[in-house]
Amino acid sequence: MLDGHPLIDVHLHPARLSTLKPTYEEWTQGIADHDLLARIYDGDTVSPEAFHRHLVSEGVDIALLLSEYSPRATGVQPVEDLLPITAYDPSRAKAIANINPHLHYPIEEELQRQLDLGAVACKLHPVHAGVAANDRRLYPAYELCQSAGIPLVVHCGTSTFPGALNKYADPLFLDDVLRDFRRLDVALAHGGRGWWYDAAAFMALSNEHVWIELSGLPPSRLRTYYAKHDWARLTRRMIFGTDWPGVPGIAKNARAVAALCPDETTTGLVLAGNAAQVYRLKPEA
């Protein structure tokens with residue numbers, strides 16, 4: 001709980017350091033709290049016990065941890081590396097699957113394997129994987145997401161890592177997907193960061209299954225990014241996430257986001273309610 005509100009952070013990267021392709025400083029964009037990370041990491045890996053204490057201290061009721069299979073950009077952070085963390089505190093820490101059609105075939109079998117390990121959502125990283133979201137090779141995975149009732153998280157924003165293909169961040173590629181999978185919930189990670197804020201906002205406001213996921217976006221700039229849109233309506237389509245460890249602090253970000261919400265009801269939706277609905281989570285009341 002944070003200031004009386006349940007708090008769900010849907011976007012954290014507790015990666016094994018040796019699996020990263022960029023340097024640690026490049027990966028965290030120079031933002032991370034190095035003293036904190038020194039306490040959380042046990043050599044090459046995140047200490048499940050220390051990470052648990054950190055989440056509790058930040059008021060996080062549920063944290064969703066991302067795997068990534070992107071050898072051309074950030075490296076491979078396999079879902080198996082998350083399992084010691086999720087096993088230590090399964091009610092608080094949960095994994096998100098990741099698929100890459102250049103590596104995984106049949107892609108639905110790999111997704112099912114990761115879901116069987118406990119993943120609660122599927123992440124697609126078009127920019128790092130080098131694939132458009134409407135690539136038909138991905139459709140069997142989308143069908144599995146829809147039938148299983150789990151959301152699809154799609155990176156929708158620029159990336160500065162070498163090997164990234166930013167043209168694939170355009171949310172327009174999802175137009176086909178949303179038409180062909182009408183019951184599939186889609187969270188736009190990073191909310192259109194770069195050139196697509198308006199497109200992402202329009203999609204979220206016009207389709208009940210599309211959500212703006214706030215990871216990697218400074219709260220102080222959110223009103224500017226989405227200035228063309230009805231703020232009261234748009235905030236009700238937002239889901240809190242940080243992109244940890246590239247963030248000054250989870251609680252600090254959450255309080256800054258809460259201060260932007262027009263009322264307490266919306267605050268509750270952004271900090272936990274929308275995530276609980278979309279990812280089928282149950283934070284403490």
# chains A, B, ... in the order shown; residues from 1 in each chain; ligands from 1
>>> closest_atom_pairs(of="region 70-146 of chain A", to="region 46-63 of chain A", cutoff="8 Å", atoms="only C-alpha atoms", output="tab-separated table")
residue	atom	partner	partner_atom	distance
A:Pro84	CA	A:Pro48	CA	6.5
A:Ile85	CA	A:Pro48	CA	4.6
A:Tyr88	CA	A:Pro48	CA	6.2
A:Asp89	CA	A:His52	CA	7.1
A:Ser91	CA	A:Ile62	CA	7.1
A:Arg92	CA	A:Ile62	CA	4.3
A:Ala93	CA	A:Ala63	CA	4.9
A:Lys94	CA	A:Ala63	CA	6.3
>>> residues_around(residues="Arg233 (chain A)", least_positions_apart="4", cutoff="9 Å", atoms="only C-alpha atoms", output="number ranges by chain")
A: 205, 229, 237
>>> residues_around(residues="Leu269 (chain A)", least_positions_apart="5", cutoff="8 Å", atoms="only C-alpha atoms", output="list in words")
Arg236, Met238, Ile239, Asn274 and Ala275 of chain A
>>> closest_residue(among="A:Arg137, A:Lys167, A:His11, A:His128", to="Gly194 (chain A)", atoms="only C-alpha atoms")
A:Lys167
>>> closest_residue(among="A:Ala189, A:Asp198, A:Pro71, A:Gly246", to="Tyr24 (chain A)", atoms="only C-alpha atoms")
A:Gly246
>>> residues_around(residues="Val177 (chain A)", least_positions_apart="2", cutoff="9 Å", atoms="only C-alpha atoms", output="tab-separated table (two decimals) with N, CA and C atoms, in the first residue's frame")
chain	number	residue	atom	x	y	z
A	133	ALA	N	4.21	-5.52	-35.18
A	133	ALA	CA	3.22	-6.18	-34.33
A	133	ALA	C	2.17	-6.93	-35.13
A	134	ASN	N	1.96	-6.55	-36.39
A	134	ASN	CA	0.97	-7.24	-37.20
A	134	ASN	C	1.56	-8.36	-38.06
A	139	TYR	N	0.54	-14.22	-34.82
A	139	TYR	CA	-0.90	-14.42	-34.59
A	139	TYR	C	-1.24	-15.64	-33.73
A	142	TYR	N	-1.03	-14.44	-30.27
A	142	TYR	CA	-2.14	-13.55	-29.93
A	142	TYR	C	-3.41	-14.36	-29.65
A	173	PHE	N	0.71	-0.35	-36.36
A	173	PHE	CA	0.83	-1.77	-36.67
A	173	PHE	C	-0.19	-2.60	-35.87
A	174	LEU	N	-0.66	-2.06	-34.76
A	174	LEU	CA	-1.63	-2.78	-33.93
A	174	LEU	C	-3.05	-2.67	-34.45
A	175	ASP	N	-3.28	-1.83	-35.43
A	175	ASP	CA	-4.64	-1.67	-35.96
A	175	ASP	C	-5.17	-3.00	-36.48
A	179	ARG	N	-8.24	-5.39	-34.72
A	179	ARG	CA	-9.39	-5.79	-35.54
A	179	ARG	C	-9.55	-7.31	-35.55
A	180	ASP	N	-8.43	-8.03	-35.59
A	180	ASP	CA	-8.48	-9.48	-35.72
A	180	ASP	C	-8.63	-10.19	-34.38
A	181	PHE	N	-8.30	-9.51	-33.29
A	181	PHE	CA	-8.43	-10.10	-31.94
A	181	PHE	C	-9.19	-9.11	-31.08
A	182	ARG	N	-10.48	-9.12	-31.19
A	182	ARG	CA	-11.32	-8.05	-30.65
A	182	ARG	C	-11.48	-8.13	-29.14
A	184	LEU	N	-8.84	-9.00	-27.12
A	184	LEU	CA	-7.48	-8.98	-26.57
A	184	LEU	C	-7.16	-7.63	-25.95
>>> atom_distance(atom1="CA of Cys156 (chain A)", atom2="CA of Tyr225 (chain A)")
14.0 Å
>>> closest_residue(among="A:Arg223, A:His34, A:His209, A:Arg280", to="Gly249 (chain A)", atoms="only C-alpha atoms")
A:His34
>>> atom_distance(atom1="CA of Asp3 (chain A)", atom2="CA of Thr267 (chain A)")
11.1 Å
>>> select_by_dssp(residues="region 6-150 of chain A", states="helix (DSSP H, G or I)", output="MDAnalysis selection string")
chainID A and resid 17:19 24:27 34:40 48:57 79:88 107:116 126:129 136:148
>>> residues_around(residues="region 213-222 of chain A", least_positions_apart="5", cutoff="6 Å", atoms="only C-alpha atoms", output="number ranges by chain")
A: 187-191, 238-243, 256-257
>>> closest_residue(among="A:Leu138, A:Ala148, A:Ala201, A:Val127", to="Gln112 (chain A)", atoms="only C-alpha atoms")
A:Ala148
>>> select_by_dssp(residues="region 72-279 of chain A", states="strand (DSSP E)", output="count of residues only")
33
>>> closest_residue(among="A:Lys282, A:Arg39, A:Arg183, A:His13", to="Glu143 (chain A)", atoms="only C-alpha atoms")
A:Arg183
>>> closest_residue(among="A:Val79, A:Ala97, A:Leu36, A:Ala73", to="Ala15 (chain A)", atoms="only C-alpha atoms")
A:Val79
>>> residues_around(residues="Cys122 (chain A)", least_positions_apart="5", cutoff="8 Å", atoms="only C-alpha atoms", output="number ranges by chain")
A: 96-99, 111, 145, 150-153
>>> atom_distance(atom1="CA of Thr266 (chain A)", atom2="CA of Thr235 (chain A)")
6.9 Å
>>> residues_around(residues="Ser18 (chain A)", least_positions_apart="2", cutoff="7 Å", atoms="only C-alpha atoms", output="list in words")
Arg16, Leu20 and Asp44 of chain A
>>> write_last_selection(atoms="N, CA, C and O atoms", output="PDB file, in the first residue's frame")
ATOM      1  N   ARG A  16      19.600 -10.371 -14.839  1.00  0.00           N
ATOM      2  CA  ARG A  16      20.945 -10.869 -14.534  1.00  0.00           C
ATOM      3  C   ARG A  16      21.944 -10.018 -15.319  1.00  0.00           C
ATOM      4  O   ARG A  16      21.814  -9.856 -16.545  1.00  0.00           O
ATOM      5  N   LEU A  20      23.080  -8.960 -20.091  1.00  0.00           N
ATOM      6  CA  LEU A  20      22.855  -7.687 -20.772  1.00  0.00           C
ATOM      7  C   LEU A  20      23.875  -7.483 -21.882  1.00  0.00           C
ATOM      8  O   LEU A  20      25.076  -7.661 -21.675  1.00  0.00           O
ATOM      9  N   ASP A  44      25.947 -11.141  -9.574  1.00  0.00           N
ATOM     10  CA  ASP A  44      25.397 -11.041 -10.923  1.00  0.00           C
ATOM     11  C   ASP A  44      23.876 -10.974 -10.955  1.00  0.00           C
ATOM     12  O   ASP A  44      23.287 -10.537 -11.944  1.00  0.00           O
TER      13      ASP A  44
END
>>> decode(residues="region 35-71 of chain A", atoms="N, CA, C and O atoms", output="short mmCIF file (atom, residue, chain, number, x, y, z; two decimals), in the first residue's frame")
data_model
loop_
_atom_site.label_atom_id
_atom_site.label_comp_id
_atom_site.auth_asym_id
_atom_site.auth_seq_id
_atom_site.Cartn_x
_atom_site.Cartn_y
_atom_site.Cartn_z
N ASP A 35 23.60 2.92 -5.21
CA ASP A 35 23.69 2.43 -3.83
C ASP A 35 22.58 1.43 -3.54
O ASP A 35 22.81 0.39 -2.90
N LEU A 36 21.38 1.74 -4.02
CA LEU A 36 20.26 0.82 -3.84
C LEU A 36 20.52 -0.49 -4.57
O LEU A 36 20.32 -1.58 -4.01
N LEU A 37 20.98 -0.40 -5.79
CA LEU A 37 21.20 -1.62 -6.57
C LEU A 37 22.30 -2.48 -5.97
O LEU A 37 22.25 -3.70 -6.05
N ALA A 38 23.28 -1.84 -5.35
CA ALA A 38 24.33 -2.61 -4.69
C ALA A 38 23.76 -3.44 -3.55
O ALA A 38 24.28 -4.52 -3.23
N ARG A 39 22.69 -2.93 -2.93
CA ARG A 39 22.05 -3.68 -1.84
C ARG A 39 21.12 -4.77 -2.36
O ARG A 39 20.89 -5.78 -1.70
N ILE A 40 20.57 -4.56 -3.56
CA ILE A 40 19.60 -5.51 -4.10
C ILE A 40 20.28 -6.65 -4.85
O ILE A 40 19.84 -7.80 -4.78
N TYR A 41 21.38 -6.33 -5.53
CA TYR A 41 22.07 -7.36 -6.31
C TYR A 41 23.03 -8.15 -5.42
O TYR A 41 23.73 -7.58 -4.58
N ASP A 42 23.05 -9.44 -5.66
CA ASP A 42 24.00 -10.34 -5.01
C ASP A 42 24.94 -10.82 -6.11
O ASP A 42 24.71 -11.86 -6.74
N GLY A 43 25.96 -10.02 -6.38
CA GLY A 43 26.85 -10.33 -7.49
C GLY A 43 26.15 -10.07 -8.81
O GLY A 43 25.76 -8.95 -9.13
N ASP A 44 25.95 -11.14 -9.57
CA ASP A 44 25.40 -11.04 -10.92
C ASP A 44 23.88 -10.97 -10.95
O ASP A 44 23.29 -10.54 -11.94
N THR A 45 23.22 -11.38 -9.89
CA THR A 45 21.76 -11.53 -9.91
C THR A 45 21.10 -10.75 -8.78
O THR A 45 21.71 -10.43 -7.76
N VAL A 46 19.82 -10.48 -8.97
CA VAL A 46 19.01 -9.85 -7.94
C VAL A 46 18.77 -10.84 -6.80
O VAL A 46 18.42 -12.01 -7.04
N SER A 47 18.98 -10.40 -5.59
CA SER A 47 18.68 -11.21 -4.42
C SER A 47 17.17 -11.20 -4.19
O SER A 47 16.59 -10.12 -3.99
N PRO A 48 16.50 -12.35 -4.25
CA PRO A 48 15.05 -12.36 -4.03
C PRO A 48 14.63 -11.74 -2.71
O PRO A 48 13.65 -10.99 -2.64
N GLU A 49 15.40 -12.00 -1.64
CA GLU A 49 15.04 -11.45 -0.33
C GLU A 49 15.21 -9.94 -0.32
O GLU A 49 14.32 -9.20 0.15
N ALA A 50 16.31 -9.43 -0.85
CA ALA A 50 16.54 -7.98 -0.88
C ALA A 50 15.54 -7.28 -1.78
O ALA A 50 15.08 -6.18 -1.47
N PHE A 51 15.20 -7.91 -2.90
CA PHE A 51 14.23 -7.32 -3.81
C PHE A 51 12.86 -7.26 -3.15
O PHE A 51 12.13 -6.27 -3.28
N HIS A 52 12.50 -8.31 -2.43
CA HIS A 52 11.24 -8.31 -1.68
C HIS A 52 11.19 -7.16 -0.69
O HIS A 52 10.20 -6.43 -0.61
N ARG A 53 12.27 -6.96 0.06
CA ARG A 53 12.30 -5.88 1.04
C ARG A 53 12.15 -4.52 0.36
O ARG A 53 11.49 -3.63 0.87
N HIS A 54 12.77 -4.39 -0.81
CA HIS A 54 12.68 -3.13 -1.53
C HIS A 54 11.24 -2.87 -1.98
O HIS A 54 10.73 -1.74 -1.83
N LEU A 55 10.59 -3.86 -2.53
CA LEU A 55 9.21 -3.68 -2.97
C LEU A 55 8.31 -3.30 -1.80
O LEU A 55 7.45 -2.40 -1.92
N VAL A 56 8.50 -3.95 -0.68
CA VAL A 56 7.70 -3.62 0.51
C VAL A 56 7.96 -2.19 0.95
O VAL A 56 7.03 -1.44 1.26
N SER A 57 9.21 -1.79 0.96
CA SER A 57 9.56 -0.43 1.40
C SER A 57 9.00 0.64 0.47
O SER A 57 8.75 1.77 0.89
N GLU A 58 8.80 0.30 -0.80
CA GLU A 58 8.27 1.24 -1.78
C GLU A 58 6.74 1.18 -1.85
O GLU A 58 6.13 1.92 -2.63
N GLY A 59 6.13 0.33 -1.06
CA GLY A 59 4.67 0.25 -1.03
C GLY A 59 4.07 -0.54 -2.17
O GLY A 59 2.89 -0.40 -2.47
N VAL A 60 4.87 -1.38 -2.84
CA VAL A 60 4.40 -2.13 -4.01
C VAL A 60 3.71 -3.41 -3.56
O VAL A 60 4.32 -4.28 -2.95
N ASP A 61 2.44 -3.53 -3.89
CA ASP A 61 1.69 -4.73 -3.56
C ASP A 61 1.96 -5.86 -4.56
O ASP A 61 2.05 -7.02 -4.18
N ILE A 62 2.05 -5.50 -5.84
CA ILE A 62 2.35 -6.48 -6.88
C ILE A 62 3.31 -5.85 -7.88
O ILE A 62 3.12 -4.72 -8.31
N ALA A 63 4.36 -6.61 -8.24
CA ALA A 63 5.34 -6.16 -9.23
C ALA A 63 5.39 -7.19 -10.35
O ALA A 63 5.49 -8.39 -10.09
N LEU A 64 5.30 -6.72 -11.60
CA LEU A 64 5.36 -7.60 -12.75
C LEU A 64 6.75 -7.47 -13.38
O LEU A 64 7.17 -6.37 -13.75
N LEU A 65 7.44 -8.58 -13.51
CA LEU A 65 8.84 -8.62 -13.91
C LEU A 65 8.95 -9.12 -15.34
O LEU A 65 8.35 -10.13 -15.70
N LEU A 66 9.76 -8.42 -16.14
CA LEU A 66 9.83 -8.73 -17.55
C LEU A 66 11.06 -9.54 -17.93
O LEU A 66 12.19 -9.20 -17.55
N SER A 67 10.81 -10.58 -18.69
CA SER A 67 11.88 -11.28 -19.39
C SER A 67 12.03 -10.62 -20.76
O SER A 67 11.17 -9.84 -21.18
N GLU A 68 13.12 -10.91 -21.45
CA GLU A 68 13.30 -10.36 -22.79
C GLU A 68 14.27 -11.22 -23.59
O GLU A 68 15.33 -11.58 -23.10
N TYR A 69 13.85 -11.52 -24.81
CA TYR A 69 14.66 -12.30 -25.74
C TYR A 69 14.99 -11.41 -26.93
O TYR A 69 14.34 -11.48 -27.98
N SER A 70 15.97 -10.53 -26.77
CA SER A 70 16.32 -9.54 -27.78
C SER A 70 17.83 -9.50 -27.99
O SER A 70 18.49 -8.52 -27.63
N PRO A 71 18.42 -10.54 -28.58
CA PRO A 71 19.88 -10.59 -28.70
C PRO A 71 20.46 -9.46 -29.55
O PRO A 71 21.63 -9.10 -29.35
#
